[in-house]
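Here the structure is laid out as structure tokens; the discussion comes afterwards.
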Amino acid sequence: MLYLNESHIHAVGFGWNELTGVLRRTLETMEQGAYAQPLKPYLRYGDPRNRIIAMPAYIGGGIRAAGLKWIASFPGNPGIGLPRAHSITLLNDADTGVPAAVLNAPSVSAARTAAVSGLMLKHWIASRGETAPQSLRVGIIGWGPIGRFHADMLVQLFKPYMELLYLYDIRGVDWQLASERTLSGWEVGRVRVTSDWEPLYAACDVVITCTVSDNRYIHAAPAPGTLLLDISLRDYTLAAIAAVPIVVVDDWQEVCRENTDIELLHREAGLSQEAAITLGDVALRGRLRDLHTASRSVLFCPMGMAAFDVAVADWLVRRSMELGIGVTLE
């Protein structure tokens with residue numbers, strides 16, 4: 001069985017263009033019905049903020065991978081010097097069920113999350129007909145690992161479209177925490193660190209929330225034409241998003257629960273599954289092109305699909321084997 005830890009994963013690297021392609025192929029395979037993805041259970045005990053989630057999936061087609069991500073989120077951990085999230089991903093041989101690889105690294109989940117945002121952003125930009133370079137202002141709220149992975153993805157995939165990158169974190173932002181790859185691909189002079197979320201929110205065409213906030217704090221509606229990548233799922237008050245005309249989800253059954261912003265809209269504003277569009281609609285059918293996104297705001301809420309995690313883990317394992325990275329366990 002192949003064993004990969006965090007250092008192995010970073011040695012493999014994150015090919016964002018390849019990873020967004022993997023996710024597109026995963027969506028195509030899911031549309032064909034060649035997948036299995038049970039609703040993920042949440043294990044809770046003690047502090048209700050804490051959770052450990054089991055995410056099993058099989059994805060067929062040209063990927064053919066089966067496995068499980070077991071991810072713990074303990075928001076109080078940073079206060080005692082530990083990362084908030086810990087995760088292990090196990091891959092089985094899809095034909096025999098024999099355990100084939102274990103990835104002991106939360107970056108698998110972080111990479112999946114940023115790649116999903118990258119896939120959505122590609123199609124949002126295409127729907128607007130954005131061809132002029134350096135025209136977009138993108139903001140990240142939350143400078144933890146997920147925020148930093150998004151910064152790396154943005155610089156590698158969307159640098160020609162970005163004028164400025166805005167950052168805000170309630171604990172302050174150290175831009176040097178970004179990877180050397182990000183720093184080498186972006187001029188630090190084009191980074192704006194704000195003192196609160198509001199200046200960032202007002203200035204940006206794309207707002208990416210990557211927080212672990214206990215309370216919904218964004219109370220202002222977005223400007224027309226804004227894309228809200230609601231990664232942390234619980235940052236917006238009803239007043240902020242009730243009138244957003246275009247809502248995109250990865251999986252309605254997954255995301256309309258656990259006090260997400262989608263569940264808030266469903267419960268308090270009557271949002272229905274039929275009124276939302278899916279990431280498959282966006283990436284496979286070009287649905288955003290018909291919805292005039294240059295003048296209408298878009299809210300994207302991805303709960304995180306296990307099939308995506310398994311597909312990303314499979315890509316990392318294949319790349320590690322090509323590069324001779326990792327440890328083989330007996």
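Every chain in the structure tokens has a letter given in the order shown (A, B, ...), and although residue numbers restart at 1 in each chain, ligands are simply numbered from 1 in the order shown.
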With only C-alpha atoms counted and 9 Å as the cut-off, give the residues of range 88-185 of chain A in contact with range 279-293 of chain A, each with its shortest interatomic distance in Å and the pair that gives it, as JSON lines.
{"residue": "A:Leu119", "atom": "CA", "partner": "A:Ala283", "partner_atom": "CA", "distance": 7.3}
{"residue": "A:Met120", "atom": "CA", "partner": "A:Leu279", "partner_atom": "CA", "distance": 7.2}
{"residue": "A:Lys122", "atom": "CA", "partner": "A:Ala283", "partner_atom": "CA", "distance": 8.8}
{"residue": "A:His123", "atom": "CA", "partner": "A:Ala283", "partner_atom": "CA", "distance": 6.5}
{"residue": "A:Trp124", "atom": "CA", "partner": "A:Leu288", "partner_atom": "CA", "distance": 6.7}
{"residue": "A:Ala126", "atom": "CA", "partner": "A:Arg289", "partner_atom": "CA", "distance": 7.6}
{"residue": "A:Ser127", "atom": "CA", "partner": "A:Arg289", "partner_atom": "CA", "distance": 4.4}
{"residue": "A:Arg128", "atom": "CA", "partner": "A:Thr293", "partner_atom": "CA", "distance": 6.1}
{"residue": "A:Gly129", "atom": "CA", "partner": "A:Arg289", "partner_atom": "CA", "distance": 8.9}
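You can rank A:Val298, A:Val207, A:Leu323, A:Val138 by their closest distance to Gly225 in chain A using only C-alpha atoms, and at the top of that list sits A:Val298.
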Tell me, as a PDB file with N, CA, C and O atoms, in the first residue's frame, which residues lie within 9 Å of Pro245 in chain A, counting only C-alpha atoms; anything in the same chain fewer than 3 positions away does not count.
ATOM      1  N   ILE A 241     -28.030  37.703   0.996  1.00  0.00           N
ATOM      2  CA  ILE A 241     -28.120  36.786  -0.148  1.00  0.00           C
ATOM      3  C   ILE A 241     -29.545  36.469  -0.599  1.00  0.00           C
ATOM      4  O   ILE A 241     -29.721  35.796  -1.616  1.00  0.00           O
ATOM      5  N   ALA A 242     -30.544  36.986   0.107  1.00  0.00           N
ATOM      6  CA  ALA A 242     -31.931  36.629  -0.238  1.00  0.00           C
ATOM      7  C   ALA A 242     -32.300  37.036  -1.653  1.00  0.00           C
ATOM      8  O   ALA A 242     -33.119  36.375  -2.307  1.00  0.00           O
ATOM      9  N   ARG A 296     -25.697  40.353 -13.182  1.00  0.00           N
ATOM     10  CA  ARG A 296     -26.432  39.657 -12.122  1.00  0.00           C
ATOM     11  C   ARG A 296     -25.444  38.929 -11.218  1.00  0.00           C
ATOM     12  O   ARG A 296     -24.498  38.290 -11.689  1.00  0.00           O
ATOM     13  N   SER A 297     -25.651  39.022  -9.917  1.00  0.00           N
ATOM     14  CA  SER A 297     -24.753  38.367  -8.971  1.00  0.00           C
ATOM     15  C   SER A 297     -25.019  36.862  -8.925  1.00  0.00           C
ATOM     16  O   SER A 297     -26.115  36.379  -9.236  1.00  0.00           O
ATOM     17  N   VAL A 298     -23.985  36.124  -8.543  1.00  0.00           N
ATOM     18  CA  VAL A 298     -24.035  34.661  -8.490  1.00  0.00           C
ATOM     19  C   VAL A 298     -23.520  34.211  -7.127  1.00  0.00           C
ATOM     20  O   VAL A 298     -22.475  34.673  -6.656  1.00  0.00           O
ATOM     21  N   LEU A 299     -24.248  33.285  -6.504  1.00  0.00           N
ATOM     22  CA  LEU A 299     -23.827  32.661  -5.250  1.00  0.00           C
ATOM     23  C   LEU A 299     -23.537  31.196  -5.525  1.00  0.00           C
ATOM     24  O   LEU A 299     -24.414  30.465  -5.989  1.00  0.00           O
TER      25      LEU A 299
END
Which parts of range 3-124 of chain A does DSSP call alpha helix (DSSP H) when run on the backbone here, written out as a VMD selection string? chain A and resid 6 to 12 16 to 31 107 to 124
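In terms of minimum interatomic distance to Gly147 in chain A, A:Leu229 ranks closest within A:Gly324, A:Lys159, A:His10, A:Leu229, counting only C-alpha atoms.
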Residues near Ser87 in chain A, anyone? I mean within 6 Å using only C-alpha atoms, not counting same-chain ones fewer than 2 positions away, as a PyMOL selection string. chain A and resi 70-71+105-106
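Between Val255 in chain A and the candidates A:Phe300, A:Tyr3, A:Trp16, A:Phe74, the tightest atom-to-atom separation, counting only C-alpha atoms, involves A:Phe300.
Using only C-alpha atoms, the protein and nucleic acid residues lying no more than 6 Å from Ala276 in chain A, apart from those fewer than 2 places from it along its own chain, are A:Val247, A:Val248, A:Gln273, A:Glu274.
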How about saving the chosen residues, N, CA and C atoms kept, as a PDB file, in the first residue's frame?
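For reference, selection-v6.pdb as written:
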ATOM      1  N   VAL A 247     -28.204  31.056  -8.069  1.00  0.00           N
ATOM      2  CA  VAL A 247     -27.635  30.228  -7.003  1.00  0.00           C
ATOM      3  C   VAL A 247     -27.161  28.922  -7.625  1.00  0.00           C
ATOM      4  N   VAL A 248     -25.905  28.573  -7.354  1.00  0.00           N
ATOM      5  CA  VAL A 248     -25.296  27.356  -7.882  1.00  0.00           C
ATOM      6  C   VAL A 248     -24.860  26.479  -6.716  1.00  0.00           C
ATOM      7  N   GLN A 273     -34.869  23.324  -4.756  1.00  0.00           N
ATOM      8  CA  GLN A 273     -33.861  22.637  -5.555  1.00  0.00           C
ATOM      9  C   GLN A 273     -34.010  22.998  -7.026  1.00  0.00           C
ATOM     10  N   GLU A 274     -35.236  23.150  -7.489  1.00  0.00           N
ATOM     11  CA  GLU A 274     -35.482  23.453  -8.900  1.00  0.00           C
ATOM     12  C   GLU A 274     -34.999  24.854  -9.268  1.00  0.00           C
TER      13      GLU A 274
END
Which of range 96-175 of chain A counts as strand (DSSP E) under DSSP, as a compact mmCIF listing (two decimals) with C-alpha atoms, in the first residue's frame please?
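Generated file (out19.txt):
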# COMPACT_ATOMS: atom_id res chain seq x y z
CA PRO A 99 -6.54 -1.02 0.17
CA ALA A 100 -4.16 0.56 -2.32
CA ALA A 101 -3.12 3.94 -0.92
CA VAL A 102 -3.49 6.12 2.14
CA LEU A 103 -2.99 9.89 1.99
CA ASN A 104 -2.39 11.28 5.46
CA LEU A 136 -10.87 41.49 -12.07
CA ARG A 137 -10.49 42.26 -8.40
CA VAL A 138 -10.61 39.12 -6.30
CA GLY A 139 -10.92 38.99 -2.51
CA ILE A 140 -10.27 36.19 -0.04
CA ILE A 141 -11.79 36.42 3.46
CA MET A 162 -6.69 39.72 -12.16
CA GLU A 163 -5.88 43.33 -11.43
CA LEU A 164 -5.68 43.10 -7.64
CA LEU A 165 -5.92 40.45 -4.93
CA TYR A 166 -7.52 41.55 -1.67
CA LEU A 167 -7.01 39.64 1.59
CA TYR A 168 -8.63 39.86 5.01
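For the atom pair formed by CA of Gly15 in chain A and CA of Tyr161 in chain A, the distance is 18.7 Å, given to one decimal.
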Quick one: residues within 12 Å of Phe308 in chain A, only C-alpha atoms counted, chain neighbours fewer than 4 positions away excluded, as a PyMOL selection string? chain A and resi 19-30+35-37+55-59+63+65-69+89+108-116+119+250-251+302-304+312-315
Pick from A:Ser295, A:Ser272, A:Ser73, A:Ser117, whichever lies nearest to Asp230 in chain A using only C-alpha atoms: A:Ser117
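Taking CA of Val12 in chain A and CA of Leu90 in chain A as endpoints, the distance between them is 17.6 Å.
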